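J.: I'd like to ask you about the structure that follows.
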Amino acid sequence: MEREETAERLKTALSEVRGEVRFDEPMSRHTSMRVGGPADALVTPSDAEDLRRVLEGAHRSGIPVFPLGGSNLIVKDGGIRGIVVRLSRLQRASCEGERIEAEAGIPFPTLAQCALQAGLSGLEFAAGIPGTLGGAIVMNAGTHDGEIADVLESVRLVDFAGKDHVCGRDSLQFAYRRSQLPEGVIVGARLALKKGPQEQIRRKMEASLEHRRKTQPLHLPNAGCVFKNPPGDSAGRLVEELGLKGRRVGSAEVSERHGNFIVNLGGASAAEVLALIRQVRARVQQARGIDLELEAKVVGED
Ligand code: EPU
């Protein structure tokens with residue numbers, strides 16, 4: 001479709017929206033890896049009602065919508081056609097007894113802090129996981145100490161036609177770094193935690209953060225773990241054993257600190273990151289016969 005026609009359709013679809021709308025917005029500004037070409041439109045709805053306006057407008061105009069978490073994600077250099085929705089203004093959370101009800105745009109570590117304040121145990125593992133609650137649910141984010149599926153009770157989602165859904169945990173088919181949700185945008189979730197001694201919760205969170213700081217390259221832009229761990233092993237360990245740490249394509253580098261991270265040394269393109277991923281994968285396949293599965297999601301156009 002012609003560029004001008006696309007711009008007109010987007011403007012019409014988004015005319016009622018109250019939140020922030022940016023056209024041709026580079027995704028490199030909004031992903032933790034700092035790569036990615038422009039989204040046709042990046043929209044930050046002002047609240048849940050405004051999100052509905054975005055979805056209904058897009059649906060009427062037949063424009064695709066992509067909900068952005070932004071962490072475990074590589075956006076290609078050609079960017080994303082359609083509307084990218086960022087939920088950074090949907091961050092409310094409230095506690096009632098052993099439950100937390102939260103909006104999907106809340107940063108996962110902020111949610112972990114809410115649990116700590118309320119003396120609720122179960123989210124200690126989340127203390128240092130970047131990204132939003134919504135993103136964490138899609139990815140079933142976790143560590144060796146737990147994952148979101150362990151504490152999730154239900155998810156609220158608006159589908160692309162604007163219809164509300166409440167999905168119970170068991171309908172989401174959680175697996176290792178994976179879930180099966182209806183198509184749409186997660187707007188919130190209810191978590192079931194357990195009362196626990198606050199000091200113990202704090203200590204576990206600190207230990208988890210400390211492990212990350214020591215073992216992961218948090219000082220450089222990255223997309224979290226690139227690969228899923230193969231059964232019974234660690235992708236980072238395999239990469240290290242094969243001498244692949246420090247390998248570079250352009251400004252993308254296999255981290256010297258953790259072999260399952262690729263870091264952006266400054267100005268890397270998505271094409272460089274993806275070429276490096278292909279090289280690592282091919283080498284592990286050739287040397288060990290293991291086909292590493294991508295954990296990070298790759299989206300957009302070349
Ligand atoms: N190891 C190496 N070399 C490396 C990296 C790791 O030898 O370069 C060894 C470690 O010494 C350790 C083992 O591999 O014996 C496991 O390492 P680590 O504790 O770092 O955990 P991981 O299995 O590599 C997983 C998650 C991380 C999460 C950490 C911390 C996956 C793919 N990764 O990594 O999650 O932060 O545990 O619990 O499940 C992510 O999902 O994006 C992510 C980073």
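Residue numbering restarts at 1 in every chain; chains get A, B, ... in the order shown in the structure tokens, and ligands count up from 1 in that same order.
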Fewer than 3 positions away in the same chain doesn't count, so skip those; otherwise give me all residues within 8 Å of Arg18 (chain A), counting only C-alpha atoms, as a list in words.
T.: Pro45, Ser46 and Asp50 of chain A
J.: Mind listing the residues within 7 Å of ligand 1, only C-alpha atoms and all ligand atoms counted, as a list in words?
T.: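 The residues near ligand 1 are Asn72, Ala141, Gly142, Thr143, His144, Asp145, Arg212, Thr215, Gly224, Cys225, Val226, Phe227, Lys228, Asn229, Ser234, Ala235, Gly236, Arg237, Val239, Glu240, Arg257, His258, Gly259, Asn260 and Glu295 of chain A.
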J.: Using only C-alpha atoms, which protein or nucleic acid residues come within 12 Å of Arg3 (chain A)? Drop anything in the same chain fewer than 2 positions from it, and give the result as a ChimeraX atom specification.
T.: /A:1,5-10,23-24,40,81-82
J.: Since we have the selection now, will you write its residues out, keeping N, CA, C and O atoms, as a short mmCIF file (atom, residue, chain, number, x, y, z; two decimals), in the first residue's frame?
T.:
data_model
loop_
_atom_site.label_atom_id
_atom_site.label_comp_id
_atom_site.auth_asym_id
_atom_site.auth_seq_id
_atom_site.Cartn_x
_atom_site.Cartn_y
_atom_site.Cartn_z
N MET A 1 0.83 -1.20 0.00
CA MET A 1 0.00 0.00 0.00
C MET A 1 0.87 1.26 0.00
O MET A 1 1.93 1.28 0.59
N GLU A 5 -1.28 6.71 1.77
CA GLU A 5 -2.57 6.08 2.06
C GLU A 5 -2.53 5.43 3.46
O GLU A 5 -3.48 5.54 4.24
N THR A 6 -1.42 4.78 3.76
CA THR A 6 -1.26 4.15 5.08
C THR A 6 -1.35 5.21 6.17
O THR A 6 -2.06 5.03 7.17
N ALA A 7 -0.64 6.31 5.97
CA ALA A 7 -0.63 7.38 6.99
C ALA A 7 -2.05 7.89 7.21
O ALA A 7 -2.48 8.10 8.35
N GLU A 8 -2.82 8.06 6.13
CA GLU A 8 -4.19 8.56 6.25
C GLU A 8 -5.06 7.58 7.03
O GLU A 8 -5.82 7.96 7.91
N ARG A 9 -4.93 6.30 6.68
CA ARG A 9 -5.73 5.27 7.38
C ARG A 9 -5.39 5.23 8.86
O ARG A 9 -6.26 5.11 9.71
N LEU A 10 -4.11 5.36 9.17
CA LEU A 10 -3.69 5.35 10.59
C LEU A 10 -4.29 6.54 11.32
O LEU A 10 -4.81 6.41 12.43
N PHE A 23 4.11 8.75 14.94
CA PHE A 23 4.18 8.06 13.65
C PHE A 23 5.63 7.82 13.28
O PHE A 23 6.51 8.61 13.64
N ASP A 24 5.87 6.71 12.56
CA ASP A 24 7.23 6.36 12.13
C ASP A 24 8.24 6.42 13.27
O ASP A 24 9.30 7.04 13.16
N ASP A 40 4.86 1.94 12.16
CA ASP A 40 4.02 2.94 11.47
C ASP A 40 3.45 3.91 12.49
O ASP A 40 3.43 5.12 12.28
N ARG A 81 4.80 -2.94 10.64
CA ARG A 81 3.67 -2.31 9.95
C ARG A 81 2.46 -2.36 10.87
O ARG A 81 2.20 -3.36 11.52
N GLY A 82 1.74 -1.26 10.91
CA GLY A 82 0.56 -1.19 11.75
C GLY A 82 0.83 -0.41 13.02
O GLY A 82 1.72 0.43 13.07
#
J.: Considering only C-alpha atoms, can you say which of A:Gly168, A:Gly300, A:Gly128, A:Gly135 comes closest to Gly70 (chain A)?
T.: A:Gly135
J.: Env of Gly78 (chain A): 10 Å cut, atoms = only C-alpha atoms, seq-sep filter 3 positions within chain, self excluded. Answer as a list in words.
T.: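 Here the qualifying residues turn out to be Pro26, Met27, Gly36, Gly37, Pro38, Ala39, Val75, Arg81, Ala270, Ala271, Val299, Gly300, Glu301 and Asp302 of chain A.
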J.: Please determine, counting only C-alpha atoms, which residue among A:Gly196, A:Gly289, A:Gly69, A:Pro221 has the shortest atom-to-atom distance to Gly267 (chain A).
T.: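 Closest to Gly267 (chain A) of all the choices is A:Pro221.
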J.: So that I can see what lies close to Ala192 (chain A), please list as a list of chain:residue names the residues with an atom at most 6 Å from it, counting only C-alpha atoms and leaving out residues fewer than 3 positions away in the same chain.
T.: A:Arg99, A:Val151, A:Glu153
J.: With C-alpha atoms kept, could you save the residues just selected as a PDB file, in the first residue's frame?
T.:
ATOM      1  CA  ARG A  99      -4.165 -11.612  45.874  1.00  0.00           C
ATOM      2  CA  VAL A 151       1.380 -17.591  40.780  1.00  0.00           C
ATOM      3  CA  GLU A 153      -4.715 -16.959  38.701  1.00  0.00           C
TER       4      GLU A 153
END
J.: Tell me which of A:Val249, A:Lys297, A:Val65, A:Ala58 sits closest to Gln279 (chain A), counting only C-alpha atoms.
T.: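 Nearest candidate to Gln279 (chain A) out of A:Val249, A:Lys297, A:Val65, A:Ala58: A:Val249.
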J.: Would you give me, as a list in words, the residues in region 42-99 of chain A that DSSP reads as strand (DSSP E or B)?
T.: Leu42, Val43, Thr44, Val65, Phe66, Pro67, Leu68, Leu73, Ile74, Val75, Gly79, Ile80, Arg81, Gly82, Ile83, Val84, Val85, Arg86, Ala93, Ser94, Cys95, Glu96 and Arg99 of chain A
J.: Find the distance between CA of Glu183 (chain A) and CA of Val298 (chain A) and write it in Å to one decimal.
T.: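 Taking CA of Glu183 (chain A) as the start and CA of Val298 (chain A) as the end point, the length is 17.3 Å.
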J.: With only C-alpha atoms as the atoms that count, which of A:Ala112, A:Leu152, A:Ala41, A:Val187 lies nearest to Asn140 (chain A)?
T.: A:Leu152
J.: My list of candidates is A:Gly188, A:Gly131, A:Gly57, A:Gly119. Which is closest to Leu157 (chain A) when distances are computed with only C-alpha atoms?
T.: A:Gly188
J.: Just how far from CA of Ala118 (chain A) is CA of Ile100 (chain A), in Å to one decimal?
T.: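 Distance between the two atoms: 9.5 Å.
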J.: Using only C-alpha atoms, which of A:Ile63, A:Val254, A:Ile129, A:Val263 sits nearest Met33 (chain A)?
T.: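 Using only C-alpha atoms, Met33 (chain A) sits closest to A:Val263.
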